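The structure appears right after this line, and notes come after that.
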Amino acid sequence: MRLVQFQTGSDGPRIGLEEKDGGNVIDLNAFDPSLPRRMREFLEEGDAALALARRAQESGQHILPRSQVTLLAPITNPGKLICVGLNYADHCREQNINIPEEPIIFSKFPSCITGPYDDIIHPAESNEVDWEVELAFVIGKKGKHIKESAAMDHVVGFMVAHDVTARDWQMKRNGNQWILGKTFDTFCPLGPAIVTKDSVTDPHKLGIRCKVNGELVQDSNTNQMIFKTQALVMWVSRFVTLFPGDVFLTGTPPGIGAFRKPPIFLKRGDVVQCEIDQLGALRNKVV
């Protein structure tokens, strides 16, 4: 299934299912008005909500033409937005650095989340805004000290993420702490859908790409991830309880602008497309 948040006007978010990538949307709230209208609360309902969504998918009812809906980020209010640094072997080779022995964890504020086709605001405070396509996954079941063998039981699905980054604030300011450079408003487009794990053949064997103004700038495969989904769930749950709706961004492959010679950064008017096989694509204009 492809779980989405959408709206049809000014009535606020609703929960739906994309029939296919880019296809029409099944309105789950019309199928069952008792369902929550936001994804985090929907996921908190657990397996019962997912079973209802499958019934709605099979019913063939309450289908909205794609032209009538606006997709929002699939989840807009996660309790945590957990990010992983230096998690692609080919990205480490690009920088000529050692592969990390433990996951490098940082965060973005949830307020930086924006929709799959919304604009990215280029902040006046930065001259070095960069791109990073990433595989994201979403927690669907609460857990602490989760064993790696049980980790996928706590994951509901996967989506595309864009970890937009102001390199000057990440690398040269704020004591070299990353969070300010990572978390300007609109610096985390997500979507277009949360693809449930049963609909993804292998999340660690997916082509992952980024294009800027149609030019391919990142082109790799999630098989380059050093710490896979299960290892990340196990590691982070040692320190914090994971809750439904928590989002992980799992790192980026090589090809970012900062390591090009000379460096290249995003400018207003650029269009960035981040895409992952089986999951879909984000397309955002920098303004």
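If you're wondering about the labels, chains in the structure tokens are A, B, ... by order shown, residues count from 1 in each chain, ligands from 1 in order shown.
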Report as a tab-separated table the residues of range 140-235 of chain A within 6 Å of range 242-254 of chain A, each with its shortest atom pair and distance in Å (one decimal), using only C-alpha atoms, ordered by chain and increasing residue number.
```
residue	atom	partner	partner_atom	distance
A:Gly140	CA	A:Pro244	CA	4.3
A:Lys141	CA	A:Pro244	CA	5.2
A:Lys142	CA	A:Phe243	CA	4.4
A:Gly143	CA	A:Leu242	CA	5.3
```
Strand (DSSP E or B) per DSSP on the backbone: members of range 133-258 of chain A, as a PyMOL selection string:
chain A and resi 133-139+143+155-162+165-166+188-196+207-212+215-221+225+242+247-249
Find the residues around Val286 in chain A up to 12 Å (only C-alpha atoms counted), leave out those fewer than 4 positions away in its own chain, and share them as a ChimeraX atom specification.
/A:117-123,129-131,164,186-187,189,212-213,265-273
Nearest to Gly207 in chain A, chosen from A:Leu279, A:Val4, A:Met171, A:Ile26, with only C-alpha atoms counted in the distances
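Looking only at the distances to Gly207 in chain A, the closest residue turns out to be A:Leu279.
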Polymer residues at most 7 Å from Leu282 in chain A, only C-alpha atoms, same-chain spacing of 6 or more positions, as a list in words
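Near Leu282 in chain A, the qualifying residues are Pro116, Tyr117, Gly191, Pro192, Gln273, Cys274 and Glu275 of chain A.
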Selection from above, C-alpha atoms, as a PDB file, in the first residue's frame, can you write it?
```pdb
ATOM      1  CA  PRO A 116       6.766  16.147  -1.990  1.00  0.00           C
ATOM      2  CA  TYR A 117       6.121  18.918  -4.522  1.00  0.00           C
ATOM      3  CA  GLY A 191       6.964  11.494   0.263  1.00  0.00           C
ATOM      4  CA  PRO A 192       5.178  11.129  -1.958  1.00  0.00           C
ATOM      5  CA  GLN A 273      14.194  15.671  -8.063  1.00  0.00           C
ATOM      6  CA  CYS A 274      14.953  12.920  -5.541  1.00  0.00           C
ATOM      7  CA  GLU A 275      13.836   9.435  -6.517  1.00  0.00           C
TER       8      GLU A 275
END
```
Range 199-245 of chain A: which residues are helix (DSSP H, G or I) by DSSP, as a list in words?
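In range 199-245 of chain A, DSSP puts these residues in helix (DSSP H, G or I): Ser199, Thr222, Asn223, Gln224, Thr229, Gln230, Ala231, Leu232, Val233, Met234, Trp235, Val236 and Ser237 of chain A.
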Grab the residues selected above and save them as an mmCIF file, in the first residue's frame with N, CA, C and O atoms.
```cif
data_model
loop_
_atom_site.group_PDB
_atom_site.id
_atom_site.type_symbol
_atom_site.label_atom_id
_atom_site.label_comp_id
_atom_site.auth_asym_id
_atom_site.auth_seq_id
_atom_site.Cartn_x
_atom_site.Cartn_y
_atom_site.Cartn_z
ATOM 1 N N SER A 199 5.158 -4.034 0.416
ATOM 2 C CA SER A 199 5.122 -3.640 -0.994
ATOM 3 C C SER A 199 6.507 -3.299 -1.544
ATOM 4 O O SER A 199 6.617 -2.856 -2.687
ATOM 5 N N THR A 222 20.776 1.535 -2.490
ATOM 6 C CA THR A 222 20.713 1.423 -1.029
ATOM 7 C C THR A 222 21.503 0.225 -0.512
ATOM 8 O O THR A 222 21.669 0.091 0.710
ATOM 9 N N ASN A 223 22.024 -0.624 -1.399
ATOM 10 C CA ASN A 223 22.909 -1.700 -0.927
ATOM 11 C C ASN A 223 24.241 -1.155 -0.428
ATOM 12 O O ASN A 223 25.031 -1.894 0.166
ATOM 13 N N GLN A 224 24.488 0.136 -0.652
ATOM 14 C CA GLN A 224 25.696 0.776 -0.148
ATOM 15 C C GLN A 224 25.546 1.248 1.306
ATOM 16 O O GLN A 224 26.520 1.726 1.900
ATOM 17 N N THR A 229 18.361 -0.827 7.921
ATOM 18 C CA THR A 229 17.198 -0.449 8.734
ATOM 19 C C THR A 229 17.187 -1.152 10.081
ATOM 20 O O THR A 229 16.999 -0.523 11.134
ATOM 21 N N GLN A 230 17.381 -2.467 10.078
ATOM 22 C CA GLN A 230 17.295 -3.230 11.327
ATOM 23 C C GLN A 230 18.345 -2.769 12.329
ATOM 24 O O GLN A 230 18.059 -2.639 13.533
ATOM 25 N N ALA A 231 19.565 -2.521 11.851
ATOM 26 C CA ALA A 231 20.638 -2.087 12.749
ATOM 27 C C ALA A 231 20.353 -0.708 13.325
ATOM 28 O O ALA A 231 20.662 -0.433 14.499
ATOM 29 N N LEU A 232 19.759 0.167 12.520
ATOM 30 C CA LEU A 232 19.457 1.517 12.998
ATOM 31 C C LEU A 232 18.355 1.501 14.052
ATOM 32 O O LEU A 232 18.432 2.227 15.049
ATOM 33 N N VAL A 233 17.331 0.678 13.831
ATOM 34 C CA VAL A 233 16.266 0.566 14.833
ATOM 35 C C VAL A 233 16.836 0.033 16.144
ATOM 36 O O VAL A 233 16.546 0.556 17.239
ATOM 37 N N MET A 234 17.643 -0.993 16.061
ATOM 38 C CA MET A 234 18.247 -1.555 17.266
ATOM 39 C C MET A 234 19.099 -0.515 17.986
ATOM 40 O O MET A 234 18.984 -0.332 19.209
ATOM 41 N N TRP A 235 19.939 0.189 17.229
ATOM 42 C CA TRP A 235 20.879 1.128 17.829
ATOM 43 C C TRP A 235 20.153 2.288 18.515
ATOM 44 O O TRP A 235 20.400 2.583 19.682
ATOM 45 N N VAL A 236 19.267 2.939 17.800
ATOM 46 C CA VAL A 236 18.610 4.130 18.363
ATOM 47 C C VAL A 236 17.700 3.753 19.518
ATOM 48 O O VAL A 236 17.594 4.498 20.505
ATOM 49 N N SER A 237 17.068 2.585 19.442
ATOM 50 C CA SER A 237 16.153 2.198 20.525
ATOM 51 C C SER A 237 16.886 1.822 21.802
ATOM 52 O O SER A 237 16.252 1.624 22.845
#
```
Name all residues at most 9 Å from Gly16 in chain A (count only C-alpha atoms; drop same-chain ones fewer than 6 positions away) and give them as a list in words.
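What passes the distance filter is Arg2, Leu3, Val4, Gln5, Phe6, Val25, Ile26, Asp27, Leu28, Asn29 and Ala53 of chain A.
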Please provide the set of residues having any atom within 12 Å of Asp277 in chain A, restricted to only C-alpha atoms, with same-chain residues fewer than 4 positions apart removed, written as a PyMOL selection string.
chain A and resi 21+134-135+158-160+195+199-210+219-222+281
The selected residues should be written to file as a compact mmCIF listing (two decimals), in the first residue's frame (atoms: N, CA, C and O atoms).
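File written: out17.txt
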```
# COMPACT_ATOMS: atom_id res chain seq x y z
N ASP A 21 1.90 4.82 -7.92
CA ASP A 21 2.70 6.04 -7.89
C ASP A 21 2.15 7.03 -8.91
O ASP A 21 2.12 6.74 -10.11
N GLU A 134 17.72 10.69 0.20
CA GLU A 134 17.85 9.67 1.25
C GLU A 134 16.64 8.75 1.27
O GLU A 134 15.51 9.16 0.95
N LEU A 135 16.88 7.51 1.66
CA LEU A 135 15.81 6.58 1.99
C LEU A 135 15.35 6.87 3.41
O LEU A 135 16.16 6.95 4.33
N PHE A 158 8.41 2.71 3.98
CA PHE A 158 9.54 3.48 3.48
C PHE A 158 9.06 4.61 2.59
O PHE A 158 7.98 4.54 1.99
N MET A 159 9.87 5.65 2.47
CA MET A 159 9.54 6.77 1.59
C MET A 159 10.83 7.48 1.18
O MET A 159 11.92 7.19 1.67
N VAL A 160 10.70 8.42 0.26
CA VAL A 160 11.82 9.22 -0.22
C VAL A 160 11.95 10.44 0.68
O VAL A 160 10.94 11.04 1.10
N VAL A 195 5.37 3.80 1.58
CA VAL A 195 5.11 2.52 0.92
C VAL A 195 5.30 1.43 1.97
O VAL A 195 6.40 1.26 2.51
N SER A 199 5.16 -4.03 0.42
CA SER A 199 5.12 -3.64 -0.99
C SER A 199 6.51 -3.30 -1.54
O SER A 199 6.62 -2.86 -2.69
N VAL A 200 7.54 -3.46 -0.73
CA VAL A 200 8.92 -3.18 -1.14
C VAL A 200 9.69 -4.49 -1.15
O VAL A 200 9.78 -5.17 -0.13
N THR A 201 10.24 -4.86 -2.30
CA THR A 201 10.88 -6.17 -2.41
C THR A 201 12.07 -6.30 -1.46
O THR A 201 12.19 -7.28 -0.74
N ASP A 202 12.95 -5.32 -1.47
CA ASP A 202 14.09 -5.29 -0.56
C ASP A 202 14.53 -3.84 -0.43
O ASP A 202 15.10 -3.28 -1.38
N PRO A 203 14.29 -3.21 0.71
CA PRO A 203 14.63 -1.79 0.85
C PRO A 203 16.12 -1.50 0.74
O PRO A 203 16.51 -0.35 0.55
N HIS A 204 16.94 -2.54 0.82
CA HIS A 204 18.38 -2.36 0.76
C HIS A 204 18.97 -2.79 -0.58
O HIS A 204 20.17 -3.04 -0.68
N LYS A 205 18.10 -2.82 -1.60
CA LYS A 205 18.54 -3.07 -2.97
C LYS A 205 17.72 -2.21 -3.92
O LYS A 205 17.08 -2.71 -4.85
N LEU A 206 17.71 -0.91 -3.67
CA LEU A 206 16.92 0.03 -4.45
C LEU A 206 17.82 1.08 -5.08
O LEU A 206 18.69 1.63 -4.41
N GLY A 207 17.60 1.37 -6.35
CA GLY A 207 18.30 2.48 -6.97
C GLY A 207 17.86 3.80 -6.33
O GLY A 207 16.68 4.00 -6.05
N ILE A 208 18.82 4.69 -6.09
CA ILE A 208 18.56 5.97 -5.43
C ILE A 208 19.29 7.05 -6.21
O ILE A 208 20.49 6.93 -6.48
N ARG A 209 18.55 8.12 -6.58
CA ARG A 209 19.10 9.14 -7.48
C ARG A 209 18.62 10.53 -7.09
O ARG A 209 17.54 10.70 -6.52
N CYS A 210 19.41 11.52 -7.48
CA CYS A 210 19.03 12.92 -7.36
C CYS A 210 19.40 13.63 -8.66
O CYS A 210 20.50 13.41 -9.20
N ASP A 219 23.71 9.00 -7.95
CA ASP A 219 23.22 7.78 -8.58
C ASP A 219 23.88 6.60 -7.89
O ASP A 219 25.05 6.31 -8.12
N SER A 220 23.14 5.92 -7.02
CA SER A 220 23.72 4.83 -6.25
C SER A 220 22.65 3.79 -5.98
O SER A 220 21.64 3.72 -6.69
N ASN A 221 22.86 2.99 -4.96
CA ASN A 221 21.93 1.94 -4.58
C ASN A 221 21.94 1.82 -3.07
O ASN A 221 22.99 1.99 -2.43
N THR A 222 20.78 1.53 -2.49
CA THR A 222 20.71 1.42 -1.03
C THR A 222 21.50 0.23 -0.51
O THR A 222 21.67 0.09 0.71
N ALA A 281 9.09 9.71 -6.36
CA ALA A 281 10.03 10.82 -6.51
C ALA A 281 9.46 12.08 -5.86
O ALA A 281 8.25 12.32 -5.87
```
Taking only C-alpha atoms into account, which of A:Trp169, A:Phe184, A:Phe42, A:Phe106 comes nearest Pro74 in chain A?
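Once distances to Pro74 in chain A are computed over only C-alpha atoms, the minimum belongs to A:Phe42.
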